[in-house]
Amino acid sequence: MKKIFSILCLALVAITTNAQTFLENLQKEQAGQGSVTVIEDPAIDSLVNGNGGPVIPDPAVQRHAHKQEVKKTPEEEEADNLAKKLDTRKKIMSNSYKTQGYRVQVYSGGSTRTDRQKAETAGAVMKTNFPNEPIYVHFYSPSWKCRMGNYKDLHDAREMLAKVKKLGYKDACIIKGTITLRRQ
């Protein structure tokens, strides 16, 4: 019994003297594997590893903790500039009802991030040129679309389609579906 107890004590001492924190174990270099570098605030280290005691923030860690700037494409910059100028808040039409009608589809793309940005840019351009028209930028599976207007009459939709095409959206078309109209 004494031998088992002494072996357990010896193993416990060996484990505690070679104990590593979670991050030390994670950052340990091993042959044939990639390396990991973690920059963390001391408060996080204290929380995860239970070091305890008051934590003084490290300014060098705080500089690295900020989100790094990502270079934007010209389309992204154009969309951001237009969005800053426009009122992009969601608006809910009170005292309204749904019925069958028409909308002008300004843009229809794929399912990528670039397609989403193009749909949002088209929406911003339409909002700039037609501030009183409702603009809908949504993901209608499987693609991003930018639609505008709530036209009960096909003639009104055709007039808006002509204006949209003059702005350079040659693939714009009229879509029949459910629209939202204000009660009078």
# chains A, B, ... in the order shown; residues from 1 in each chain; ligands from 1
>>> residues_around(residues="Leu161 (chain A)", least_positions_apart="3", cutoff="9 Å", atoms="only C-alpha atoms", output="MDAnalysis selection string")
chainID A and resid 104:106 156:158 164:166 172:174
>>> write_last_selection(atoms="C-alpha atoms", output="short mmCIF file (atom, residue, chain, number, x, y, z; two decimals), in the first residue's frame")
data_model
loop_
_atom_site.label_atom_id
_atom_site.label_comp_id
_atom_site.auth_asym_id
_atom_site.auth_seq_id
_atom_site.Cartn_x
_atom_site.Cartn_y
_atom_site.Cartn_z
CA VAL A 104 -38.88 46.47 -60.91
CA GLN A 105 -35.98 44.07 -60.43
CA VAL A 106 -32.87 46.19 -60.79
CA ASP A 156 -46.50 52.51 -63.75
CA ALA A 157 -44.00 49.66 -63.45
CA ARG A 158 -43.05 50.02 -67.12
CA VAL A 164 -33.96 52.40 -64.35
CA LYS A 165 -32.65 51.24 -67.73
CA LYS A 166 -31.57 54.83 -68.51
CA ALA A 172 -33.64 45.28 -65.20
CA CYS A 173 -37.08 43.72 -65.60
CA ILE A 174 -40.58 43.71 -64.13
#
>>> residues_around(residues="Ala122 (chain A)", least_positions_apart="5", cutoff="9 Å", atoms="only C-alpha atoms", output="tab-separated table (two decimals) with N, CA, C and O atoms, in the first residue's frame")
chain	number	residue	atom	x	y	z
A	79	ALA	N	-20.34	51.57	-52.39
A	79	ALA	CA	-21.54	51.24	-51.61
A	79	ALA	C	-21.47	51.89	-50.23
A	79	ALA	O	-22.48	52.41	-49.74
A	106	VAL	N	-34.01	45.42	-60.29
A	106	VAL	CA	-32.87	46.19	-60.79
A	106	VAL	C	-31.66	45.29	-60.99
A	106	VAL	O	-30.93	45.41	-61.98
A	107	TYR	N	-31.43	44.39	-60.05
A	107	TYR	CA	-30.25	43.53	-60.10
A	107	TYR	C	-30.60	42.13	-59.60
A	107	TYR	O	-31.35	41.98	-58.64
A	117	GLN	N	-22.81	42.61	-52.43
A	117	GLN	CA	-22.34	43.98	-52.49
A	117	GLN	C	-22.87	44.70	-53.73
A	117	GLN	O	-23.25	45.87	-53.66
A	127	LYS	N	-31.87	54.31	-54.43
A	127	LYS	CA	-32.35	55.18	-53.34
A	127	LYS	C	-31.90	56.62	-53.56
A	127	LYS	O	-32.63	57.55	-53.24
A	137	VAL	N	-33.53	44.94	-50.94
A	137	VAL	CA	-32.33	44.16	-51.25
A	137	VAL	C	-32.41	42.93	-50.34
A	137	VAL	O	-32.32	43.04	-49.12
A	146	CYS	N	-32.04	42.98	-56.03
A	146	CYS	CA	-32.43	44.33	-55.65
A	146	CYS	C	-33.69	44.65	-56.44
A	146	CYS	O	-33.69	44.64	-57.67
A	169	TYR	N	-28.84	50.07	-65.98
A	169	TYR	CA	-29.19	48.71	-65.57
A	169	TYR	C	-30.00	48.06	-66.69
A	169	TYR	O	-31.21	47.97	-66.64
